[in-house]
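The data block below is input.txt; it holds compact mmCIF, C-alpha atoms.
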# COMPACT_ATOMS: atom_id res chain seq x y z
CA MET A 20 22.08 41.00 22.28
CA PRO A 21 25.75 41.79 21.57
CA ARG A 22 26.52 43.43 18.24
CA VAL A 23 28.65 40.48 17.09
CA GLN A 24 25.81 38.05 17.70
CA GLN A 25 23.34 40.36 15.92
CA LEU A 26 25.65 40.59 12.94
CA PHE A 27 26.10 36.81 12.89
CA PHE A 28 22.33 36.21 12.86
CA TYR A 29 21.86 38.78 10.08
CA ILE A 30 24.54 37.13 7.97
CA VAL A 31 23.02 33.66 8.50
CA ALA A 32 19.50 34.90 7.67
CA ILE A 33 20.62 36.80 4.56
CA PHE A 34 22.78 33.89 3.41
CA LEU A 35 19.81 31.54 3.79
CA LEU A 36 17.51 33.90 1.89
CA VAL A 37 19.99 34.40 -0.95
CA LEU A 38 20.69 30.66 -1.14
CA ILE A 39 16.98 29.81 -1.36
CA LEU A 40 16.21 32.50 -3.93
CA ASN A 41 19.19 31.43 -6.03
CA LEU A 42 18.07 27.78 -5.95
CA VAL A 43 14.58 28.83 -7.05
CA ARG A 44 16.11 31.04 -9.79
CA LYS A 45 18.11 28.07 -11.09
CA ARG A 46 14.98 25.88 -10.90
CA LYS A 47 16.72 23.50 -8.52
CA LEU A 48 14.12 24.18 -5.82
CA ARG A 49 10.43 24.54 -6.54
CA GLU A 50 8.58 27.62 -5.27
CA ASN A 51 6.21 25.58 -3.10
CA TYR A 52 9.13 24.01 -1.21
CA SER A 53 10.94 27.33 -0.83
CA LEU A 54 8.16 29.33 0.85
CA LEU A 55 8.67 27.86 4.31
CA TRP A 56 12.45 28.38 4.10
CA ILE A 57 11.99 32.02 3.07
CA PHE A 58 9.59 32.47 5.96
CA ILE A 59 12.20 31.03 8.36
CA SER A 60 14.92 33.41 7.19
CA PHE A 61 12.57 36.38 7.64
CA VAL A 62 11.67 35.20 11.14
CA LEU A 63 15.38 34.98 11.95
CA MET A 64 15.86 38.59 10.85
CA LEU A 65 12.83 39.73 12.81
CA ILE A 66 14.17 38.06 15.95
CA VAL A 67 17.36 40.10 15.72
CA LEU A 68 15.47 43.30 14.90
CA MET A 69 13.00 42.92 17.74
CA TYR A 70 15.24 41.34 20.32
CA PRO A 71 13.58 43.08 23.32
CA LEU A 72 10.27 41.60 22.19
CA LEU A 73 11.86 38.13 22.12
CA VAL A 74 13.16 38.66 25.67
CA LYS A 75 9.67 39.64 26.83
CA PHE A 76 8.14 36.67 25.04
CA SER A 77 10.72 34.27 26.55
CA ASN A 78 10.18 35.68 30.05
CA TYR A 79 6.49 35.01 29.66
CA PHE A 80 7.30 31.29 29.29
CA LEU A 81 9.99 31.46 32.01
CA ALA A 82 12.64 30.57 29.44
CA ASN A 83 15.78 32.37 28.33
CA PRO A 84 15.88 33.87 24.80
CA THR A 85 18.49 31.40 23.52
CA SER A 86 16.33 28.40 24.47
CA MET A 87 13.34 30.11 22.87
CA ILE A 88 15.25 30.56 19.59
CA MET A 89 16.33 26.89 19.74
CA PHE A 90 12.73 25.82 20.37
CA CYS A 91 11.41 27.92 17.48
CA GLY A 92 14.15 26.52 15.23
CA MET A 93 13.19 22.96 16.14
CA MET A 94 9.52 23.68 15.49
CA ALA A 95 10.40 25.17 12.10
CA LEU A 96 12.41 22.06 11.20
CA LEU A 97 9.56 19.79 12.29
CA LEU A 98 7.20 21.80 10.08
CA LEU A 99 9.58 21.44 7.16
CA ILE A 100 9.79 17.67 7.69
CA LEU A 101 6.01 17.43 7.87
CA GLN A 102 5.74 19.40 4.62
CA LEU A 103 8.19 17.00 2.97
CA CYS A 104 6.30 13.94 4.29
CA LEU A 105 3.04 15.33 2.89
CA MET A 106 4.58 15.86 -0.51
CA ASN A 107 6.28 12.47 -0.36
CA SER A 108 2.95 10.76 0.37
CA VAL A 109 1.33 12.39 -2.65
CA GLN A 110 4.28 11.48 -4.85
CA ALA A 111 4.33 7.86 -3.62
CA THR A 112 0.73 7.45 -4.79
CA GLN A 113 1.54 9.13 -8.10
CA ILE A 114 4.58 6.86 -8.62
CA LYS A 115 2.49 3.78 -7.80
CA ASN A 116 -0.16 4.77 -10.35
CA LEU A 117 2.50 5.52 -12.96
CA VAL A 118 4.23 2.16 -12.42
CA GLN A 119 0.90 0.35 -12.77
CA LYS A 120 0.01 2.33 -15.90
CA ILE A 121 3.40 1.58 -17.52
CA THR A 122 3.10 -2.10 -16.56
CA LEU A 123 -0.35 -2.44 -18.11
CA LEU A 124 0.59 -0.43 -21.21
CA GLU A 125 3.64 -2.62 -21.74
CA GLU A 126 1.42 -5.69 -21.69
CA LYS A 127 -0.92 -4.04 -24.22
CA ILE A 128 2.03 -3.35 -26.55
CA VAL A 129 3.20 -6.98 -26.29
CA HIS A 130 -0.36 -8.16 -26.98
CA LEU A 131 -0.71 -5.83 -30.00
CA LYS A 132 2.65 -6.96 -31.38
CA ASP A 133 1.64 -10.59 -30.97
CA THR A 134 -1.69 -10.13 -32.74
CA SER A 135 -0.21 -8.10 -35.60
CA SER A 136 2.53 -10.68 -36.24
CA LYS A 137 -0.01 -13.52 -36.50
CA MET B 15 -23.18 -17.11 -20.75
CA LYS B 16 -20.06 -18.09 -18.87
CA GLU B 17 -18.44 -15.30 -16.92
CA LYS B 18 -14.88 -14.24 -17.71
CA VAL B 19 -12.54 -15.10 -14.85
CA LEU B 20 -9.03 -13.84 -14.27
CA ILE B 21 -6.71 -15.68 -11.91
CA SER B 22 -4.19 -13.16 -10.67
CA ILE B 23 -0.91 -14.33 -9.15
CA PRO B 24 1.24 -11.63 -7.56
CA ALA B 25 4.83 -12.87 -7.56
CA TYR B 26 8.17 -11.64 -6.28
CA ASN B 27 11.31 -13.75 -6.71
CA GLU B 28 9.27 -16.93 -7.23
CA GLU B 29 11.14 -18.52 -10.16
CA LEU B 30 11.28 -21.85 -8.32
CA ASN B 31 7.55 -22.01 -7.49
CA ILE B 32 5.78 -20.11 -10.26
CA GLY B 33 5.95 -22.94 -12.80
CA SER B 34 4.36 -25.55 -10.55
CA THR B 35 1.70 -23.06 -9.36
CA ILE B 36 0.71 -22.27 -12.97
CA LYS B 37 0.73 -25.97 -13.93
CA LYS B 38 -1.58 -26.78 -11.03
CA LEU B 39 -3.86 -23.89 -11.94
CA LYS B 40 -3.99 -24.92 -15.59
CA SER B 41 -5.10 -28.42 -14.64
CA PHE B 42 -8.13 -26.84 -12.94
CA SER B 43 -8.84 -24.12 -15.51
CA HIS B 44 -8.90 -26.49 -18.48
CA GLY B 45 -12.05 -25.97 -20.58
CA LYS B 46 -13.14 -22.95 -18.56
CA ASN B 47 -13.25 -19.28 -19.49
CA TRP B 48 -10.33 -18.58 -17.15
CA ASP B 49 -7.22 -16.54 -17.91
CA ILE B 50 -4.11 -16.58 -15.77
CA LEU B 51 -2.20 -13.38 -15.04
CA VAL B 52 1.17 -13.27 -13.29
CA VAL B 53 2.05 -9.88 -11.82
CA ASP B 54 5.82 -9.92 -11.44
CA ASP B 55 6.60 -7.30 -8.81
CA GLY B 56 10.02 -6.38 -10.19
CA SER B 57 11.63 -9.71 -9.29
CA LYS B 58 15.41 -9.94 -9.28
CA ASP B 59 15.24 -13.51 -10.56
CA GLN B 60 13.67 -15.11 -13.67
CA THR B 61 10.07 -15.16 -12.38
CA SER B 62 8.51 -13.52 -15.46
CA ILE B 63 10.63 -15.54 -17.92
CA GLU B 64 9.61 -18.75 -16.14
CA ALA B 65 5.94 -17.72 -16.14
CA ARG B 66 5.97 -16.83 -19.86
CA LYS B 67 7.07 -20.40 -20.67
CA TYR B 68 3.59 -21.57 -19.65
CA GLY B 69 1.73 -19.24 -22.03
CA VAL B 70 0.04 -17.14 -19.39
CA ILE B 71 -0.33 -13.35 -19.37
CA VAL B 72 2.62 -11.76 -17.61
CA VAL B 73 2.94 -8.14 -16.54
CA ARG B 74 6.03 -6.86 -14.80
CA HIS B 75 6.59 -3.84 -12.57
CA PRO B 76 9.79 -1.98 -13.54
CA PHE B 77 10.89 -2.23 -9.91
CA ASN B 78 9.66 -3.77 -6.67
CA MET B 79 6.59 -1.95 -5.34
CA GLY B 80 5.31 -4.34 -2.69
CA TYR B 81 2.59 -7.00 -2.45
CA GLY B 82 -0.31 -4.55 -2.17
CA VAL B 83 0.63 -2.67 -5.34
CA ALA B 84 1.10 -5.97 -7.19
CA ILE B 85 -2.39 -7.20 -6.30
CA GLN B 86 -3.86 -3.82 -7.24
CA THR B 87 -2.16 -4.06 -10.64
CA GLY B 88 -4.05 -7.35 -11.04
CA TYR B 89 -7.33 -5.59 -10.16
CA LYS B 90 -6.60 -2.83 -12.67
CA TYR B 91 -5.82 -5.37 -15.38
CA ALA B 92 -9.09 -7.21 -14.69
CA LEU B 93 -11.11 -4.00 -14.70
CA GLU B 94 -9.54 -2.70 -17.93
CA ASN B 95 -10.00 -6.02 -19.74
CA GLY B 96 -13.61 -6.62 -18.78
CA TYR B 97 -13.31 -9.61 -16.45
CA ASP B 98 -16.38 -10.46 -14.36
CA ILE B 99 -14.56 -12.21 -11.54
CA LEU B 100 -11.02 -12.05 -10.24
CA ALA B 101 -9.48 -14.87 -8.23
CA GLN B 102 -6.25 -14.18 -6.46
CA ILE B 103 -3.79 -16.77 -5.24
CA ASP B 104 -0.21 -16.68 -3.99
CA ALA B 105 2.67 -17.71 -6.24
CA ASP B 106 4.47 -19.82 -3.64
CA GLY B 107 2.13 -22.80 -4.01
CA GLN B 108 0.56 -22.45 -0.56
CA HIS B 109 -2.94 -22.05 -2.00
CA ASP B 110 -4.65 -25.06 -3.54
CA PRO B 111 -6.47 -23.97 -6.76
CA LYS B 112 -9.16 -26.61 -6.25
CA TYR B 113 -11.11 -24.15 -4.06
CA ILE B 114 -11.46 -21.47 -6.76
CA GLU B 115 -14.51 -23.08 -8.35
CA GLU B 116 -16.24 -23.47 -5.00
CA MET B 117 -15.44 -19.87 -4.15
CA ILE B 118 -16.83 -18.60 -7.46
CA LYS B 119 -19.97 -20.69 -6.90
CA ASP B 120 -20.35 -19.19 -3.44
CA LEU B 121 -19.83 -15.68 -4.82
CA LYS B 122 -22.60 -16.12 -7.38
CA GLU B 123 -25.12 -18.11 -5.36
CA LYS B 124 -24.94 -16.00 -2.23
CA ARG B 125 -24.57 -12.77 -4.26
CA LEU B 126 -21.38 -11.92 -2.41
CA ASP B 127 -18.75 -9.40 -3.43
CA VAL B 128 -15.68 -11.06 -1.94
CA VAL B 129 -15.06 -14.66 -0.88
CA ILE B 130 -11.99 -15.36 1.24
CA GLY B 131 -10.33 -18.73 1.63
CA SER B 132 -9.89 -19.16 5.37
CA ARG B 133 -7.20 -21.35 6.95
CA PHE B 134 -8.92 -21.28 10.32
CA ARG B 135 -12.61 -21.74 9.50
CA LYS B 136 -12.22 -25.45 10.16
CA ASN B 137 -9.52 -27.23 12.10
CA THR B 138 -6.59 -27.48 9.74
CA ASP B 139 -3.02 -28.55 10.23
CA TYR B 140 -1.73 -25.15 9.13
CA HIS B 141 0.89 -23.87 11.55
CA ALA B 142 1.98 -20.25 11.65
CA PRO B 143 4.66 -18.94 14.01
CA LEU B 144 3.21 -17.98 17.40
CA ALA B 145 3.67 -14.20 17.02
CA ARG B 146 1.99 -14.21 13.61
CA ARG B 147 -0.80 -16.46 14.81
CA ILE B 148 -1.53 -14.07 17.70
CA GLY B 149 -1.57 -11.16 15.24
CA MET B 150 -3.97 -13.04 12.96
CA ILE B 151 -6.32 -13.85 15.86
CA VAL B 152 -6.29 -10.27 17.21
CA PHE B 153 -6.94 -8.63 13.84
CA SER B 154 -9.58 -11.21 12.88
CA PHE B 155 -11.30 -10.47 16.21
CA ILE B 156 -11.21 -6.72 15.53
CA VAL B 157 -12.62 -7.19 12.01
CA SER B 158 -15.37 -9.47 13.36
CA LEU B 159 -16.18 -6.88 16.02
CA VAL B 160 -16.41 -3.98 13.57
CA THR B 161 -18.21 -5.87 10.78
CA ARG B 162 -20.40 -7.90 13.18
CA ARG B 163 -19.68 -10.98 11.10
CA LYS B 164 -17.39 -13.83 12.04
CA VAL B 165 -14.05 -13.45 10.28
CA THR B 166 -11.45 -16.10 11.05
CA ASP B 167 -8.68 -15.27 8.59
CA SER B 168 -8.35 -11.57 7.87
CA THR B 169 -4.85 -11.95 6.41
CA SER B 170 -5.63 -14.55 3.74
CA GLY B 171 -4.44 -13.67 0.25
CA TYR B 172 -6.68 -16.35 -1.30
CA GLN B 173 -9.67 -14.37 -2.53
CA VAL B 174 -12.33 -14.30 -5.21
CA ILE B 175 -13.64 -10.84 -6.05
CA SER B 176 -16.60 -9.71 -8.12
CA ARG B 177 -16.36 -6.97 -10.75
CA ARG B 178 -18.51 -4.69 -8.57
CA VAL B 179 -15.67 -4.40 -6.07
CA LEU B 180 -12.85 -3.98 -8.58
CA SER B 181 -13.36 -0.27 -9.29
CA PHE B 182 -13.46 0.34 -5.53
CA LEU B 183 -10.21 -1.59 -5.09
CA CYS B 184 -8.53 0.34 -7.91
CA SER B 185 -8.95 3.71 -6.19
CA ASP B 186 -6.10 5.52 -4.42
CA SER B 187 -7.64 4.76 -1.03
CA PHE B 188 -6.72 1.09 -1.44
CA PRO B 189 -4.30 0.32 1.44
CA CYS B 190 -1.29 -0.86 -0.58
CA ASP B 191 0.78 -1.50 2.52
CA TYR B 192 -0.47 -4.92 3.74
CA PRO B 193 -4.08 -4.82 2.53
CA ASP B 194 -5.92 -7.27 4.78
CA ALA B 195 -7.84 -6.53 8.00
CA ASP B 196 -8.19 -2.81 7.22
CA LEU B 197 -9.40 -3.59 3.70
CA LEU B 198 -12.11 -5.91 5.03
CA ILE B 199 -13.37 -3.11 7.28
CA MET B 200 -13.29 -0.65 4.37
CA LEU B 201 -15.28 -3.08 2.24
CA HIS B 202 -17.83 -3.54 5.02
CA PHE B 203 -18.29 0.23 5.43
CA ALA B 204 -18.64 0.60 1.65
CA GLY B 205 -21.53 -1.88 1.77
CA PHE B 206 -19.86 -4.88 0.11
CA LYS B 207 -20.69 -8.41 1.23
CA VAL B 208 -17.73 -10.54 2.29
CA ASP B 209 -17.73 -14.17 3.37
CA GLU B 210 -15.24 -16.97 3.99
CA ILE B 211 -15.03 -20.59 3.00
CA PRO B 212 -12.78 -23.08 4.78
CA MET B 213 -9.70 -24.20 2.89
CA LYS B 214 -6.51 -26.06 3.43
CA MET B 215 -3.30 -24.16 2.99
CA TYR B 216 0.08 -25.74 2.48
CA GLU B 217 3.13 -24.69 4.48
CA ASN B 218 5.52 -22.37 2.69
CA LYS B 219 8.47 -24.55 1.67
CA THR B 220 10.85 -21.61 1.28
CA GLY B 221 9.95 -20.12 4.69
CA LYS B 222 9.67 -16.68 3.04
CA SER B 223 7.04 -14.28 4.30
CA MET B 224 6.19 -10.65 3.65
CA HIS B 225 6.11 -10.19 7.45
CA GLY B 226 9.62 -11.67 7.67
CA SER B 227 11.73 -9.82 10.23
CA LEU B 228 10.85 -8.71 13.75
CA ILE B 229 10.89 -5.06 12.64
CA LYS B 230 8.52 -5.86 9.77
CA ASN B 231 6.20 -7.66 12.19
CA PHE B 232 6.21 -4.69 14.53
CA TYR B 233 5.64 -2.30 11.62
CA TYR B 234 2.76 -4.46 10.39
CA VAL B 235 0.98 -4.44 13.77
CA ALA B 236 1.49 -0.67 14.22
CA LYS B 237 0.43 0.15 10.65
CA MET B 238 -2.60 -2.11 10.72
CA THR B 239 -3.78 -0.73 14.09
CA LEU B 240 -3.42 2.86 12.84
CA SER B 241 -5.11 2.03 9.55
CA ILE B 242 -8.12 0.41 11.25
CA PHE B 243 -8.32 3.28 13.75
CA THR B 244 -8.38 5.94 10.98
CA ILE B 245 -10.96 4.03 8.93
CA VAL B 246 -13.26 3.80 11.97
CA LEU B 247 -12.52 7.45 12.81
CA ARG B 248 -13.49 8.55 9.29
CA ARG B 249 -16.69 6.57 9.67
CA ILE B 250 -17.49 8.22 13.02
CA THR B 251 -16.74 11.70 11.68
CA SER B 252 -18.77 10.88 8.55
CA LEU B 253 -15.85 11.30 6.16
CA PRO B 254 -15.78 8.79 3.30
CA SER B 255 -13.48 5.92 4.28
CA PHE B 256 -12.47 5.40 0.63
If you took the structure in this file and wrote it as structure tokens, what would it be?
Amino acid sequence: MPRVQQLFFYIVAIFLLVLILNLVRKRKLRENYSLLWIFISFVLMLIVLMYPLLVKFSNYFLANPTSMIMFCGMMALLLLILQLCLMNSVQATQIKNLVQKITLLEEKIVHLKDTSSK
Amino acid sequence: MKEKVLISIPAYNEELNIGSTIKKLKSFSHGKNWDILVVDDGSKDQTSIEARKYGVIVVRHPFNMGYGVAIQTGYKYALENGYDILAQIDADGQHDPKYIEEMIKDLKEKRLDVVIGSRFRKNTDYHAPLARRIGMIVFSFIVSLVTRRKVTDSTSGYQVISRRVLSFLCSDSFPCDYPDADLLIMLHFAGFKVDEIPMKMYENKTGKSMHGSLIKNFYYVAKMTLSIFTIVLRRITSLPSF
């Protein structure tokens, strides 16, 4: 891998890592969401560090290293989307239960107000 | 002792129909231990204001959550307030309240858990669009096959439910997205007894339907198929289906 490309990948990986850590520090991103992103930035750094290994790995699948990186990137994104969908499903149920609780509590308040005014 | 009955009416943007539906219901509930609850699913119109004019209990979601969530709110209200039986009818005036008494009688005499008002048990003049009718037939066939009991109208929202089932229906496993054919299979696997009685259903004057657009129809078929498949799969792999 040419030096320029190596440097570019390092910068991207470090930028990603710093960005994620900073978002967690500012409490804009929760730790559980950040773990997969941190893992991805480390993998990116490892790819650059162990480039010959990546070439060997790609040859094993009869693919070139660039395609392999693209494939791994896509898989990582799919994993991230799946993680978000899982969390979204849990939250949808929680929101539904909250809405129902608020709705029923509101009715109780109206009922209590009515009975106390009589 | 007379059992406490709650008539739950899930409603969304039904300001034009809700009044006449409540009036009709009141004419049948007169002198009985029946309460009427309107669950306004975050309507953009005056549905809850209209309903309150008739002195019924009205609860309102802060925003639109969908039909399934609205009916579950009704179940939760009934469970929390100690009702013995819950009857559920649509707000658009398609369901005739005269069947409620017969359904309650059926529920008690046959010791059933759920009684469904079926549009297709007897020959009726109810006409659904062809695509929807095919969907209804297919899913009713699947439910009949799985439950080994003839089900003719798996999508009917006209139901009478005993208290025994309410806590089951209030759990998070309740399929809030179009609860019909998949729910009947869940109830069967959970050991609840479900039966139908024939009823006449009026055409929807507004032409509104929760399965409105082509995309919604497609989504409904795909979702229902997946839901039934996973319920059966859980059963086969001995995981609780609820």
Report as a PyMOL selection string all protein, DNA and RNA residues lying within 10 Å of Asp110 (chain B), evaluated on only C-alpha atoms, omitting residues in the same chain fewer than 4 positions from it. chain B and resi 35+38-39+103-104+114+131+172+213-216
Distance CA of Ile39 (chain A)-CA of Ile57 (chain A), one decimal place? 7.0 Å
List the neighbours of Asn78 (chain A) out to 10 Å using only C-alpha atoms; skip same-chain residues closer than 6 positions along the sequence, and give me the result as a CSV table (one decimal) with C-alpha atoms, in the frame of the given file.
chain,number,residue,atom,x,y,z
A,72,LEU,CA,10.3,41.6,22.2
A,84,PRO,CA,15.9,33.9,24.8
A,87,MET,CA,13.3,30.1,22.9
Expressed in Å, the length from CA of Ala145 (chain B) to CA of Thr244 (chain B) is 24.2 Å
For CA of Pro193 (chain B) and CA of Ile242 (chain B), the interatomic separation in Å (one decimal): 10.9 Å
Residue list for chain B near chain A as a list in words, 7 Å, only C-alpha atoms: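 Taking only C-alpha atoms into account, Val73, Arg74, His75, Thr87 and Tyr91 of chain B sit within 7 Å of chain A.
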Answer as a list in words, residues within 12 Å of (10.5, 32.4, 12.6) using only C-alpha atoms: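 All residues meeting the 12 Å criterion around (10.5, 32.4, 12.6) are Ala32, Leu55, Trp56, Ile57, Phe58, Ile59, Ser60, Phe61, Val62, Leu63, Met64, Leu65, Ile66, Val67, Met69, Leu73, Met87, Ile88, Met89, Phe90, Cys91, Gly92, Met93, Met94, Ala95, Leu96 and Leu98 of chain A.
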Excluding Ile71 (chain B) and residues on its chain fewer than 5 positions from it, collect all residues at most 12 Å away from it, counting all atoms listed in the file, and give them as number ranges by chain. A: 123, 125-127, 129-130; B: 20-23, 36, 48-54, 62-66, 88, 91-92
Which residue, B:Glu17, B:Asp55, B:Glu28, B:Asp127, has the smallest gap to Leu180 (chain B) when you use only C-alpha atoms?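 Using only C-alpha atoms, Leu180 (chain B) sits closest to B:Asp127.
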Using all atoms listed in the file, which protein or nucleic acid residues come within 8 Å of Phe206 (chain B)? Drop anything in the same chain fewer than 5 positions from it, and give the result as a PyMOL selection string. chain B and resi 126-128+179+201
Give as a list in words every residue, naming chains and numbers as the document does, that has an atom within 6 Å of (2.0, -24.4, -5.7), counting all atoms listed in the file.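 Nearby residues: Ser34, Thr35, Asp106, Gly107 and Gln108 of chain B.
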